[in-house]
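Student: What follows is a single structure, and I will ask about it in a moment.
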Amino acid sequence: MKEESLQAPTRHPIAWRTPEFWDERAVERELERVFDICHGCRRCVSLCGAFPTLFDLVDSGPTGEIDGVEKERYREVVDRCYLCDICFMTKCPYVPPHSWNVDFPHLMLRAKAVAFRKTGGRTRDRVLSATDALGKLAGIPVVTQAVNAVSQSAAGRIAAESVLGVDRKAWRPEYAAKKFRRTAQRRWIGAPVRDGERTPGKVAVYATCYVNYHEPGIGHDLLRILEHNAIPYTLVEKEACCGMPKLELGDLHGVRRLKERNIPVLAALAREGYAILAAIPSCVLMFKSELPLMFPEDDDVRAVAAAMWDPFEYLVARNNDGLLRTEFPNPLGAVSYHVPCHARVQNIGRRTQEALQWIPQTAVTVVERCSGHAGTWGVKTEFHASAMKIGRPVFRAMLQARPDYISSDCQLAAHHIEQGIAEMRAAEGGGGAAPRLAHPLTLLRMAYGLS
């Protein structure tokens with residue numbers, strides 16, 4: 001057993017197209033088996049709400065073991081998992097190739113998928129995961145103003161809580177008046193291939209729903225950095241949501257529909273030698289890891305996975321090739337940087353931290369712990385308080401360094417942290433200026449002195 005546990009974790013393909021995957025009784029048996037292992041270990045108790053919920057169910061049961069928990073209550077554990085993957089990647093000693101074969105996140109995904117196919121999901125969840133439909137509707141200029149005004153008003157928040165189950169206290173993104181894909185230069189021709197160029201010398205930018213509809217400035221910052229470093233780029237001509245919100249919901253057929261829209265376009269770029277960059281870690285993870293596990297036999301999916309890069313992973317590799325400009329005239333002071341879960345589980349190292357530390361007179365404090373936001377999960381009425389509780393150690397650690405800036409590759413997590421810090425400062429009667437929020441790409445653009 002000891003020899004098994006020393007091997008690198010291996011993930012099995014998700015067998016979602018087999019009848020066994022959808023067998024409710026088989027899912028119950030596997031939940032009971034894995035929950036029993038987790039109950040005996042308890043190493044992941046501090047990661048999220050799923051494990052304390054499980055252990056409380058066991059401890060309060062008549063036997064003190066998993067056989068004393070009613071199977072109808074397993075769903076309470078499943079609902080607390082938001083598929084961050086941290087338990088699999090960093091904590092669990094029983095992941096494959098260990099003979100116990102524990103993949104807690106993908107078991108939770110299977111349970112969510114079976115429930116979604118049976119019920120169709122809640123209207124609230126289907127609405128929140130329809131990012132493209134919401135973005136296109138709210139992207140109409142007059143509608144944008146109205147949606148933002150209602151969304152941020154007290155009355156609008158109460159209505160959203162009542163109708164959709166979105167907690168009135170939770171941060172929610174505004175819609176941009178002008179979408180990124182409308183305002184960005186679609187192609188830029190940089191320098192020809194240079195000596196020592198090992199990284200792909202041209203980039204295709206996958207805009208992502210969040211950057212396109214909510215914060216286009218992040219996308220423009222990425223393009224300015226590429227231009228500054230003479231890296232040719234093109235925008236992905238057509239794109240849909242990566243599918244992560246559908247995956248988190250258990251809507252696997254929804255994931256497949258989005259995959260069929262995205263992969264042919266992205267695979268053509270991958271085969272032309274482009275590095276494909278996306279400024280949201282969840283999108284990168286979806287194409288790098290989740291889709292290949294759902295469609296392991298698809299050559300196009302594998303080609304896209306091989307071509308997909310986190311932006312800072314690409315920039316650091318470019319610098320290692322000696323092809324990146326590293327003159328930064330503008331120091332940033334103190335930066336508290338949060339490593340999001342979906343960046344950690346890509347196993348690429350702390351590339352954003354490495355890049356920020358190139359900047360002179362800039363002190364980077366790193367916080368590597370879940371913020372608790374987890375996409376749409378943290379805004380729901382039944383989970384928002386838990387999301388804030390999970391994030392509290394992060395809020396405290398980020399603030400402790402007295403930063404000028406707080407930052408995270410996941411902008412959703414960053415706003416969640418900003419909200420938590422503001423509430424913490426208010427409770428403590430904190431004076432002085434609050435730290436400013438800026439995406440790491442924005443920080444790098446500022447350090448370069450680019451407008």
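Residues are named by chain letter and number: chains run A, B, ... in the order of the structure tokens, numbers start at 1 in each chain, and ligands are numbered from 1 in the order shown.
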Range 408-419 of chain A: which residues within 6 Å, counting only C-alpha atoms, same-chain residues fewer than 2 positions away excluded, as a ChimeraX atom specification?
Tutor: /A:280,337-338,373,395,421-422
Student: Just list the residues in range 24-147 of chain A DSSP gives alpha helix (DSSP H) on the backbone, as JSON, numbers by chain.
Tutor: {"A": [24, 25, 26, 27, 28, 29, 30, 31, 32, 33, 34, 35, 36, 37, 38, 39, 40, 41, 50, 51, 52, 53, 54, 55, 56, 57, 58, 59, 74, 75, 76, 77, 78, 79, 80, 86, 104, 105, 106, 107, 108, 109, 110, 111, 112, 113, 114, 115, 116, 117, 118, 119, 123, 124, 125, 126, 127, 128, 131, 132, 133, 134, 135, 136, 137, 138, 141, 142, 143, 144, 145, 146, 147]}
Student: Give me the residues near range 154-160 of chain A as a list of chain:residue names, where near means some atom within 10 Å (using only C-alpha atoms) and where sequence neighbours in that chain fewer than 5 positions away do not count.
Tutor: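 Counting only C-alpha atoms, the residues come to A:Arg124, A:Val147, A:Asn148, A:Ala149, A:Gly165, A:Val166, A:Asp167, A:Arg168, A:Lys169, A:Ala170, A:Arg172.
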Student: Any chance you could tabulate, as CSV, the residues of range 22-134 of chain A at most 12 Å from range 205-225 of chain A with each one's nearest atom pair and distance in Å to one decimal, using only C-alpha atoms, in chain and rising number order?
Tutor:
residue,atom,partner,partner_atom,distance
A:Ser129,CA,A:Cys209,CA,11.0
A:Ala130,CA,A:Cys209,CA,10.1
A:Thr131,CA,A:Cys209,CA,6.6
A:Asp132,CA,A:Cys209,CA,6.7
A:Ala133,CA,A:Cys209,CA,10.2
A:Leu134,CA,A:Tyr213,CA,9.1
Student: Sorted by chain and rising residue number, which residues of range 301-389 of chain A lie within 9 Å of range 89-113 of chain A, and what are their closest atom pairs and distances in Å to one decimal, counting only C-alpha atoms, as a tab-separated table?
Tutor:
residue	atom	partner	partner_atom	distance
A:Arg344	CA	A:Met89	CA	8.6
A:Val345	CA	A:Met89	CA	6.1
A:Asn347	CA	A:Met89	CA	8.7
Student: Store the residues of this selection in a file with C-alpha atoms, as a PDB file, in the first residue's frame.
Tutor:
ATOM      1  CA  ARG A 344      -3.405  25.059  -8.524  1.00  0.00           C
ATOM      2  CA  VAL A 345      -4.788  21.800  -9.910  1.00  0.00           C
ATOM      3  CA  ASN A 347       0.090  21.458 -11.851  1.00  0.00           C
TER       4      ASN A 347
END
Student: So how many Å separate CA of Glu239 in chain A and CA of Trp171 in chain A, to one decimal?
Tutor: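 It comes out at 26.5 Å.
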Student: Give me, as a tab-separated table, the closest atom pair and its distance (Å, one decimal) for every residue of range 261-379 of chain A within a cut-off of 7 Å of range 242-257 of chain A, counting only C-alpha atoms, rows sorted by chain and rising number.
Tutor:
residue	atom	partner	partner_atom	distance
A:Arg261	CA	A:Arg257	CA	6.7
A:Ser282	CA	A:Met244	CA	6.8
A:Cys283	CA	A:Cys242	CA	5.6
A:Met286	CA	A:Met244	CA	6.3
Student: Take the residues from that selection and write them out as a PDB file, in the first residue's frame, keeping N, CA and C atoms.
Tutor:
ATOM      1  N   ARG A 261     -19.350  22.976 -30.172  1.00  0.00           N
ATOM      2  CA  ARG A 261     -19.235  24.310 -30.759  1.00  0.00           C
ATOM      3  C   ARG A 261     -17.803  24.833 -30.683  1.00  0.00           C
ATOM      4  N   SER A 282     -10.580  28.516 -14.752  1.00  0.00           N
ATOM      5  CA  SER A 282     -11.557  27.439 -14.916  1.00  0.00           C
ATOM      6  C   SER A 282     -11.714  27.050 -16.379  1.00  0.00           C
ATOM      7  N   CYS A 283     -11.623  28.027 -17.273  1.00  0.00           N
ATOM      8  CA  CYS A 283     -11.739  27.736 -18.704  1.00  0.00           C
ATOM      9  C   CYS A 283     -10.530  26.935 -19.178  1.00  0.00           C
ATOM     10  N   MET A 286     -10.863  23.433 -17.956  1.00  0.00           N
ATOM     11  CA  MET A 286     -11.894  22.686 -18.680  1.00  0.00           C
ATOM     12  C   MET A 286     -11.315  22.063 -19.941  1.00  0.00           C
TER      13      MET A 286
END
Student: Could you tell me which of A:Lys202, A:Arg445, A:His384, A:Arg302 comes closest to Ala275 in chain A if we count only C-alpha atoms?
Tutor: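 Smallest distance to Ala275 in chain A is found for A:Lys202.
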Student: What's the 12 Å shell around Glu76 in chain A, counting only C-alpha atoms, without same-chain residues fewer than 4 positions away, as a list in words?
Tutor: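 Listed by chain and then number, they are Gly49, Ala50, Phe51, Pro52, Thr53, Leu54, Phe55, Asp56, Leu57, Val69, Glu70, Lys71, Glu72, Arg80, Cys81, Met108, Ala111, Lys112, Glu382 and Phe383 of chain A.
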Student: Show me, as a Markdown table, the residues of range 260-365 of chain A having an atom within 8 Å of range 196-201 of chain A, each with the closest atom pair and its distance in Å, using only C-alpha atoms.
Tutor:
| residue | atom | partner | partner_atom | distance |
| --- | --- | --- | --- | --- |
| A:Gly273 | CA | A:Pro200 | CA | 6.5 |
| A:Tyr274 | CA | A:Pro200 | CA | 6.2 |
| A:Ala275 | CA | A:Pro200 | CA | 5.7 |
| A:Tyr314 | CA | A:Thr199 | CA | 7.6 |
| A:Ala317 | CA | A:Thr199 | CA | 6.6 |
| A:Arg318 | CA | A:Thr199 | CA | 6.0 |
| A:Asp321 | CA | A:Gly196 | CA | 6.1 |
| A:Gly322 | CA | A:Gly196 | CA | 7.5 |
| A:Leu323 | CA | A:Glu197 | CA | 7.4 |
Student: Pro292 in chain A: which residues within 10 Å, counting only C-alpha atoms, same-chain residues fewer than 4 positions away excluded, as a list in words?
Tutor: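 Selected residues are Pro13, Ile14, Met286, Phe287, Lys288, Pro296, Glu297, Asp298, Asp299, Asp300, Val301, Arg302, Ala303, Val304 and Ala305 of chain A.
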Student: Those residues with N, CA and C atoms, as a short mmCIF file (atom, residue, chain, number, x, y, z; two decimals), in the first residue's frame please?
Tutor:
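Written out: out12.cif:
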data_model
loop_
_atom_site.label_atom_id
_atom_site.label_comp_id
_atom_site.auth_asym_id
_atom_site.auth_seq_id
_atom_site.Cartn_x
_atom_site.Cartn_y
_atom_site.Cartn_z
N PRO A 13 -10.62 8.20 -17.13
CA PRO A 13 -11.66 8.86 -17.93
C PRO A 13 -13.02 8.75 -17.25
N ILE A 14 -13.86 9.76 -17.47
CA ILE A 14 -15.20 9.77 -16.90
C ILE A 14 -16.10 8.94 -17.82
N MET A 286 -10.86 23.43 -17.96
CA MET A 286 -11.89 22.69 -18.68
C MET A 286 -11.31 22.06 -19.94
N PHE A 287 -10.57 22.86 -20.70
CA PHE A 287 -10.01 22.36 -21.96
C PHE A 287 -8.78 21.47 -21.74
N LYS A 288 -8.02 21.75 -20.70
CA LYS A 288 -6.82 20.97 -20.44
C LYS A 288 -7.13 19.59 -19.85
N PRO A 296 -12.01 10.98 -24.07
CA PRO A 296 -10.60 10.56 -24.18
C PRO A 296 -10.20 10.08 -25.57
N GLU A 297 -11.19 9.68 -26.38
CA GLU A 297 -10.86 9.15 -27.72
C GLU A 297 -10.87 10.22 -28.79
N ASP A 298 -11.17 11.47 -28.45
CA ASP A 298 -11.33 12.54 -29.42
C ASP A 298 -9.99 13.22 -29.69
N ASP A 299 -9.47 13.05 -30.90
CA ASP A 299 -8.17 13.62 -31.25
C ASP A 299 -8.18 15.14 -31.20
N ASP A 300 -9.29 15.75 -31.59
CA ASP A 300 -9.37 17.20 -31.57
C ASP A 300 -9.31 17.73 -30.14
N VAL A 301 -10.00 17.06 -29.22
CA VAL A 301 -9.97 17.47 -27.82
C VAL A 301 -8.55 17.37 -27.28
N ARG A 302 -7.85 16.31 -27.62
CA ARG A 302 -6.47 16.15 -27.15
C ARG A 302 -5.55 17.22 -27.75
N ALA A 303 -5.78 17.59 -28.99
CA ALA A 303 -4.97 18.63 -29.63
C ALA A 303 -5.17 19.97 -28.94
N VAL A 304 -6.41 20.28 -28.61
CA VAL A 304 -6.70 21.53 -27.91
C VAL A 304 -6.08 21.52 -26.52
N ALA A 305 -6.19 20.41 -25.80
CA ALA A 305 -5.60 20.32 -24.46
C ALA A 305 -4.10 20.58 -24.50
#
Student: For Leu293 in chain A, work out the shell of residues within 9 Å, counting only C-alpha atoms and skipping chain neighbours fewer than 2 positions away, then give it as a VMD selection string.
Tutor: chain A and resid 11 to 15 289 to 291 295 to 296
Student: Export, as a short mmCIF file (atom, residue, chain, number, x, y, z; two decimals), in the first residue's frame, the selected residues with C-alpha atoms.
Tutor:
data_model
loop_
_atom_site.label_atom_id
_atom_site.label_comp_id
_atom_site.auth_asym_id
_atom_site.auth_seq_id
_atom_site.Cartn_x
_atom_site.Cartn_y
_atom_site.Cartn_z
CA ARG A 11 -7.26 10.20 -13.25
CA HIS A 12 -9.44 7.72 -15.06
CA PRO A 13 -11.66 8.86 -17.93
CA ILE A 14 -15.20 9.77 -16.90
CA ALA A 15 -17.32 6.86 -18.14
CA SER A 289 -8.31 18.35 -18.15
CA GLU A 290 -12.06 17.88 -17.93
CA LEU A 291 -12.94 17.60 -21.62
CA PHE A 295 -13.87 12.54 -24.44
CA PRO A 296 -10.60 10.56 -24.18
#
Student: From the DSSP assignment of the backbone, select every residue of range 181-392 of chain A that is strand (DSSP E or B), and format the answer as an MDAnalysis selection string.
Tutor: chainID A and resid 187:188 203:205 233:235 275:277 308:309 333:338 362:367 380
Student: Check the smallest atom-to-atom distance from each of A:Thr352, A:Asp23, A:Glu28, A:Val58 to Arg117 in chain A using only C-alpha atoms, then report the winner.
Tutor: A:Asp23
